[in-house]
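First comes the structure, then the notes that go with it.
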Amino acid sequence: MMSTVLCMSFLALVLSGGAWAFSPIGDGASTHVSITEKAVLQKVTEVCRAIAESEGRDFTPTGNSAEELVQACLGPKATGEVSAVKFKSALNEIYIQNGQVDRDFVNSPAHHFNSEAFALGRRLITDGVASIKANVQKENFQAARETLGRVLHTLQDFYSHSNWVDLGYTEPYANLIRPDLPLENLADVKTPTCSDCANGGFCSNSILPNILNEKKLTSGYMGILSSAKPKGKCSHGGAADLTSSKAPRGGISKDERRSDNVALHTAAVTVATTATLQLLDDIRGAAGDNNYLRFMGIARSSVVVFVIDTTGSMSDDILEAKRVVYEIIDSKKGTQDEPSLYILVPFNDPKFGPLIKTTNPNVMKAEIANLTAEGGGDLPEMCLSGLQLALTGAPASSNIYVFTDAVAKDIELKETIVALIRSTKSTVSFFMTNDGAGARRRRRGVESRAATFETYKDLALASGGQAIGVTKENLPQATDVIIDSSTSALVIVLQRARNPGRAETFSFLLDESLNNITIYITGNTITFTLKNPAGVTQKQNEANGELGTVQTVGNLYRVRLASNKQTGLWEISMNSNQPYTLKVTGQSTIAFIYDFVETFDGPHPGYALISGRPQAGMPAMLLVSVLGRKGPASVKVADIALVTVSGLEVVGGALEDMGNGKFLVTVTKVPAGEFVVLLNGTDVVSSTVFQRQSTTQMSVSKVTIKAVVDRSMEPGKTFTLPFTVMTDTTGGSYKISARNDRDFKMNVPGSIAVTTGGNATGELTITVPANTPSGTDVTLTIEAVAPGATADSNYAVLRLSVVSKVTDFTPPQCEVVSVSSVDCPADPAACSSAFWQLSANMTDGVNGTGIASLTHRQGVGNLTHTDLKQMVVAAAFNASCCSLTVELVALDKAMNVGTCLYTTKVTWHHRRLVRGGVVPGRHKLPQPQSHKSRLFLQFIFLKKYIFTFKHTANRASVLKSNLETQMEEPKPVKGRCLTVSRCILTLS
């Protein structure tokens, strides 16, 4: 398909001067993003509805926005603020990687199914799907999403770049995602496939008649650097394709809609969308519905991550961490603020880890209860190693809490930690307790200890967190910060830092949507005055004032505003000559997410994610997504700016509204120091202005380092990764370092010579231990440091997947043995008293890996089965007549998915519907288009029936087919489904 510009919009977007454009659904050209988004949202909706049905509840989104979809999907537990930030962030990861295929693999025929590279393209898809399934099974969701984006680009390109739809096919080519099926009837390299297009552009009938008659599969050759192609072969076409000027001239791509290919372009988009749905459904079958939603970022937004020092003096701190975890679990259970994930990383010396990750609160209780304080003996510990493990193992934008009373022994990891913080946008807060066990440790001097504790403060500031220094006795008062921030829909209103401190007044906007507003101030010898829009003030020494409560513990002031806060412009006047930080937070579904991007050229130009710091001396570009209470239409953006956290500089950006809450922001002059993103706008729902800020600090660099992940790693083998270092400043010997979070053995060049204003390429190798489980992800950080006193540097963070070689490609087979012959009653009230049963045999074949799991979906009932270790697994599904459909899902040990769908017969009766009439017991239907009466075939359990078939590509045709076969007196039926609960059907 055509170039992916990173946008989730279904609205029109036209890039100035370009031919590649977003278009509304059903009209004009389509992009990878619009195809992917349509399929992803449809599949997510389907899974959400299936889970709701299995739980016996309705699934009724109040609108079609991502925010309202997440609210409905989480269901009754979503009693508090429900944020769609994680969902939209997950979708962006998929879209970004999809688009970057056009940059990173622009000249690869396999990645685009160009030049008849069908076997290689299919291999990319099947290897990618195997990697996705393995990653999802290990809950490495980000690595899985990134791979999914790349795989979908290749899959979708098949339908645009080949002659599949020219051959008249209207369904996807299943063999592309089924490596057990052969690729058949391919045109060989000596077979001519196209006639010459005299005008040199695109012709509607350039594929040779014998190719069409014999249904030979071919694709266009694409030459970016050369016009060479085999004799008689089709070209891709377009100005960038040099082969299109060599006979046979022209092109057969259906990337964009043109006057000569309207029907073919539309067909390619339709089939590519269906193929995307099929691939997503295969992944869903391997993941299971609940894990599939987590994979897509549908989860309560709060994640609790603890990194805890377990050396001898930490017993009090461990007890406090245990208390906090228990309080979070017990007080927030069953609410929207209940964490969706718990992570624990212990560290000691010399050991750190393992990372313990669970969605089960009782498991986390047990794990933290098992922590014991022991060992130690010298002062430094492996704190940053433990933090690195947490940053790579936790979801992006997590809140991480570090408990320690010692300095870091592994201080050399500081720059790696900063890179990971910027890459993940996670927030890190440190609880630093003073060391009261002097006899246990050999002190290395107060100055050294204080200097290394400054590292913790630097990391906290870089991430938007806090470094809180307290005594062990006062630690319980300080951990209220964790209770505050382990909430759903947490947003930052303002964050600033001053070093050295000075007297200054900061203003910030509070809007009507904000709740649980808290102000955090860290520093020593501080005085401050808080003032609301009405002029009422409260000072730091007023514990219970008119504006809220002030709690002081160690170097932390925690100001909790009263629930009757006033909206509008607030002020806080700070006064201290010591360093201090200021942070204002609250809960709100009005938020934003952003990525720094850069443009790329080529046949399909677009935007690509910047991994690392943006380039100095160049305009910075950000892609910003704004979320509102009822979708992006419920907010209006006024301005987006870059603001220095430790200074006064504010640089506004030029906004390009891309529709659906997306903005492309261009900042011509980026601040020289560390900066954050600040957004101002209006909440349309309440007509109040709002202010939001990002947490993670960013800066620019004159050094750029890039690397591309093009495949997964294999256990027991060495993986080679090329990388490129570029600079627009003085050249010389650039120091190279790299680290991975699995401690795999690596060979990394110590330096690389880069010419002034030039670039140089190097490579590193990673050796994967043979016993590494399939699905393991590896986070690799590569850093390049320029020569000279300034030591300018940049980094790249990549996620690599370890996937064992797959030899079993055949999915389990299902055979329905029998179905009990029970006619469900005509009276809806009696459905629960009548039952039906299905029996089926499942097998993975003689050479298969064996069935690993057997579940059911699209039905509410009870599934039982024999031992999964048997060659043939006998399954029995029992259900009441209130649920008439079941789909059995068998997963083998190679994660191939086999399904078995069955719908039992039902009793029908007829009711006449006239204009404006009402079917008894049902909603009023839309008025018919003519005065002619229609027969409305009413299924006695209408809601459940339509639910079953709503998500097929053409649910009306499926409904029609089932009606014709299940009526007491079969007759041809015409019809269309209007909504989830209404269909108009006409008897012929």
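Letters A, B, ... go to the chains of the structure tokens in the order shown; residues in each chain start at 1; ligands are counted from 1 in the same order.
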At a cut-off of 10 Å, using only C-alpha atoms, what residues contact Ala110 (chain A)? Leave out same-chain residues fewer than 5 positions from it and give the result as a ChimeraX atom specification. /A:105,115-125,154,158
If we count only C-alpha atoms and set the cut-off at 9 Å, which residues sit around Leu863 (chain A), ignoring sequence neighbours fewer than 4 positions away in its own chain? Please answer as number ranges by chain. A: 854-856, 875-879, 888
Output C-alpha atoms for every residue in that selection, as a PDB file, in the first residue's frame.
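The new file again34.pdb reads:
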ATOM      1  CA  LEU A 854      -8.134 -26.062  24.165  1.00  0.00           C
ATOM      2  CA  THR A 855     -10.537 -23.195  24.878  1.00  0.00           C
ATOM      3  CA  HIS A 856     -13.792 -21.824  23.541  1.00  0.00           C
ATOM      4  CA  ALA A 875     -14.019 -32.199  23.509  1.00  0.00           C
ATOM      5  CA  ALA A 876     -17.568 -31.661  24.736  1.00  0.00           C
ATOM      6  CA  PHE A 877     -19.317 -28.288  24.885  1.00  0.00           C
ATOM      7  CA  ASN A 878     -22.570 -27.909  26.814  1.00  0.00           C
ATOM      8  CA  ALA A 879     -24.700 -24.775  26.628  1.00  0.00           C
ATOM      9  CA  LEU A 888     -13.442 -24.146  19.795  1.00  0.00           C
TER      10      LEU A 888
END
From a DSSP pass on the backbone, collect the residues of region 541-714 of chain A flagged as strand (DSSP E) and hand them back as a PyMOL selection string. chain A and resi 548-553+556-561+568-575+580-587+591-600+606-609+620-627+635-644+650-652+654-659+662-667+675-683+688-693+703-706
Which one is closest to Leu475 (chain A): A:Ala408, A:Ala462, A:Leu556, A:Ala72? Count only C-alpha atoms. A:Leu556
Using only C-alpha atoms, can you tell me which of A:Leu627, A:Lys745, A:Ala672, A:Thr729 comes closest to Gly757 (chain A)? A:Thr729
Could you build a table of the residues in region 112-204 of chain A lying no more than 8 Å from region 228-241 of chain A, giving for each the nearest pair of atoms and their separation in Å rounded to one decimal place, using only C-alpha atoms, ordered by chain and ascending residue number, as CSV?
residue,atom,partner,partner_atom,distance
A:Asn114,CA,A:His236,CA,7.3
A:His161,CA,A:His236,CA,6.7
A:Val189,CA,A:Pro230,CA,6.8
A:Lys190,CA,A:Pro230,CA,7.4
A:Thr191,CA,A:Gly232,CA,7.3
A:Pro192,CA,A:Gly232,CA,4.2
A:Thr193,CA,A:Lys233,CA,5.2
A:Cys194,CA,A:Cys234,CA,5.0
A:Ser195,CA,A:Gly232,CA,7.3
A:Gly201,CA,A:Gly237,CA,7.1
A:Phe202,CA,A:Gly237,CA,7.1
Keeping C-alpha atoms for every residue in the selection just given, could you write it to a file as a PDB file, in the first residue's frame?
ATOM      1  CA  ASN A 114       8.015  -6.592  -5.273  1.00  0.00           C
ATOM      2  CA  HIS A 161       1.869  -4.836  -5.475  1.00  0.00           C
ATOM      3  CA  VAL A 189      11.426 -15.518 -14.056  1.00  0.00           C
ATOM      4  CA  LYS A 190      11.283 -16.423 -17.783  1.00  0.00           C
ATOM      5  CA  THR A 191       7.525 -15.926 -18.140  1.00  0.00           C
ATOM      6  CA  PRO A 192       6.474 -12.540 -19.575  1.00  0.00           C
ATOM      7  CA  THR A 193       3.670 -11.009 -17.550  1.00  0.00           C
ATOM      8  CA  CYS A 194       2.908  -7.529 -18.912  1.00  0.00           C
ATOM      9  CA  SER A 195       2.385  -5.713 -22.198  1.00  0.00           C
ATOM     10  CA  GLY A 201       2.434   5.508 -16.928  1.00  0.00           C
ATOM     11  CA  PHE A 202      -0.293   3.159 -15.744  1.00  0.00           C
TER      12      PHE A 202
END
Please determine, counting only C-alpha atoms, which residue among A:Ile593, A:Val47, A:Ile308, A:Leu655 has the shortest atom-to-atom distance to Gly288 (chain A).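 Ranked by minimum distance to Gly288 (chain A), first place goes to A:Val47.
Checking A:Gly535, A:Gly898, A:Gly297, A:Gly334 one by one against Lys86 (chain A), counting only C-alpha atoms, you find the shortest gap at A:Gly297.
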Could you name the residues that touch Ala369 (chain A) at 12 Å or less, counting only C-alpha atoms, but leaving out those on the same chain fewer than 6 positions away, as a compact mmCIF listing (two decimals) with C-alpha atoms, in the first residue's frame?
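Result file follows (part31.txt):
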# COMPACT_ATOMS: atom_id res chain seq x y z
CA SER A 315 14.61 -4.67 56.63
CA ILE A 318 11.25 -3.85 52.81
CA LEU A 319 8.54 -3.91 55.46
CA GLU A 320 7.35 -0.48 54.28
CA ALA A 321 7.32 -1.56 50.63
CA LYS A 322 5.31 -4.60 51.68
CA ARG A 323 2.83 -2.40 53.54
CA VAL A 324 2.42 -0.09 50.57
CA VAL A 325 1.84 -2.98 48.15
CA TYR A 326 -0.73 -4.50 50.46
CA LEU A 344 9.24 -6.50 41.50
CA ASN A 362 -1.93 -12.37 45.52
CA VAL A 363 1.21 -13.50 43.70
Nearest residue to Val481 (chain A) from the set A:Arg284, A:Lys583, A:Lys636, A:Arg799 (distances using only C-alpha atoms):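 Result for the nearest residue to Val481 (chain A): A:Lys583.
The residue set within 6 Å of Thr765 (chain A), counting only C-alpha atoms and dropping same-chain residues fewer than 5 places from it, reads Phe719, Thr720, Met746 and Asn747 of chain A.
Residues within 8 Å of region 398-400 of chain A, counting only C-alpha atoms and excluding same-chain residues fewer than 2 positions away, are A:Ser302, A:Val303, A:Val304, A:Val305, A:Phe306, A:Val307, A:Ala390, A:Ala394, A:Pro395, A:Ala396, A:Val402, A:Lys425, A:Ser426, A:Thr427, A:Val428, A:Ser429, A:Ser485, A:Ser486.
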Create the file for the chosen residues now, containing N, CA and C atoms and written as a PDB file, in the first residue's frame.
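Written out: out_17.pdb:
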ATOM      1  N   SER A 302      -2.748   1.862  35.542  1.00  0.00           N
ATOM      2  CA  SER A 302      -1.784   1.870  36.626  1.00  0.00           C
ATOM      3  C   SER A 302      -0.935   0.599  36.620  1.00  0.00           C
ATOM      4  N   VAL A 303       0.372   0.769  36.714  1.00  0.00           N
ATOM      5  CA  VAL A 303       1.326  -0.338  36.852  1.00  0.00           C
ATOM      6  C   VAL A 303       2.220  -0.021  38.041  1.00  0.00           C
ATOM      7  N   VAL A 304       2.387  -0.965  38.948  1.00  0.00           N
ATOM      8  CA  VAL A 304       3.204  -0.767  40.141  1.00  0.00           C
ATOM      9  C   VAL A 304       4.523  -1.512  39.966  1.00  0.00           C
ATOM     10  N   VAL A 305       5.641  -0.771  39.993  1.00  0.00           N
ATOM     11  CA  VAL A 305       6.967  -1.358  39.806  1.00  0.00           C
ATOM     12  C   VAL A 305       7.840  -0.976  40.997  1.00  0.00           C
ATOM     13  N   PHE A 306       8.352  -1.989  41.715  1.00  0.00           N
ATOM     14  CA  PHE A 306       9.238  -1.773  42.849  1.00  0.00           C
ATOM     15  C   PHE A 306      10.624  -2.318  42.542  1.00  0.00           C
ATOM     16  N   VAL A 307      11.637  -1.512  42.793  1.00  0.00           N
ATOM     17  CA  VAL A 307      13.033  -1.940  42.720  1.00  0.00           C
ATOM     18  C   VAL A 307      13.592  -1.778  44.135  1.00  0.00           C
ATOM     19  N   ALA A 390      14.182  -3.187  35.457  1.00  0.00           N
ATOM     20  CA  ALA A 390      12.803  -2.705  35.592  1.00  0.00           C
ATOM     21  C   ALA A 390      12.388  -1.875  34.387  1.00  0.00           C
ATOM     22  N   ALA A 394       9.268  -3.362  32.276  1.00  0.00           N
ATOM     23  CA  ALA A 394       7.967  -2.732  32.540  1.00  0.00           C
ATOM     24  C   ALA A 394       7.425  -2.105  31.266  1.00  0.00           C
ATOM     25  N   PRO A 395       6.098  -1.949  31.172  1.00  0.00           N
ATOM     26  CA  PRO A 395       5.530  -1.244  30.016  1.00  0.00           C
ATOM     27  C   PRO A 395       6.029   0.190  29.966  1.00  0.00           C
ATOM     28  N   ALA A 396       5.971   0.789  28.787  1.00  0.00           N
ATOM     29  CA  ALA A 396       6.353   2.191  28.656  1.00  0.00           C
ATOM     30  C   ALA A 396       5.466   3.063  29.539  1.00  0.00           C
ATOM     31  N   VAL A 402      12.128   3.146  43.592  1.00  0.00           N
ATOM     32  CA  VAL A 402      13.365   2.509  44.020  1.00  0.00           C
ATOM     33  C   VAL A 402      13.556   2.764  45.513  1.00  0.00           C
ATOM     34  N   LYS A 425       9.882   6.625  28.401  1.00  0.00           N
ATOM     35  CA  LYS A 425       9.100   7.707  29.031  1.00  0.00           C
ATOM     36  C   LYS A 425       8.558   7.280  30.393  1.00  0.00           C
ATOM     37  N   SER A 426       9.278   6.413  31.073  1.00  0.00           N
ATOM     38  CA  SER A 426       8.882   5.988  32.419  1.00  0.00           C
ATOM     39  C   SER A 426       9.387   6.984  33.457  1.00  0.00           C
ATOM     40  N   THR A 427       8.680   7.022  34.580  1.00  0.00           N
ATOM     41  CA  THR A 427       9.012   7.928  35.677  1.00  0.00           C
ATOM     42  C   THR A 427       9.642   7.130  36.812  1.00  0.00           C
ATOM     43  N   VAL A 428      10.788   7.592  37.304  1.00  0.00           N
ATOM     44  CA  VAL A 428      11.510   6.886  38.367  1.00  0.00           C
ATOM     45  C   VAL A 428      11.602   7.783  39.597  1.00  0.00           C
ATOM     46  N   SER A 429      11.142   7.273  40.730  1.00  0.00           N
ATOM     47  CA  SER A 429      11.262   7.984  42.006  1.00  0.00           C
ATOM     48  C   SER A 429      12.104   7.149  42.964  1.00  0.00           C
ATOM     49  N   SER A 485       0.367   8.101  43.068  1.00  0.00           N
ATOM     50  CA  SER A 485       0.699   7.942  41.647  1.00  0.00           C
ATOM     51  C   SER A 485       0.318   6.584  41.082  1.00  0.00           C
ATOM     52  N   SER A 486      -0.062   5.629  41.923  1.00  0.00           N
ATOM     53  CA  SER A 486      -0.513   4.329  41.405  1.00  0.00           C
ATOM     54  C   SER A 486      -2.010   4.403  41.140  1.00  0.00           C
TER      55      SER A 486
END
I need the residue nearest Thr810 (chain A) from this list: A:Pro380, A:Gly652, A:Gly848, A:Pro619. Use only C-alpha atoms for the distance.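 Counting only C-alpha atoms, the residue closest to Thr810 (chain A) is A:Gly848.
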Long-range neighbours of Leu561 (chain A) as a list in words, 10 Å cut-off, only C-alpha atoms, 3 positions minimum in chain: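 Listing them by chain and then by number gives Asn515, Asn516, Ile517, Thr518, Ile519, Gly545, Glu546, Leu547, Gly548, Thr549, Val550, Arg558, Asn564, Lys565, Gln566 and Gly586 of chain A.
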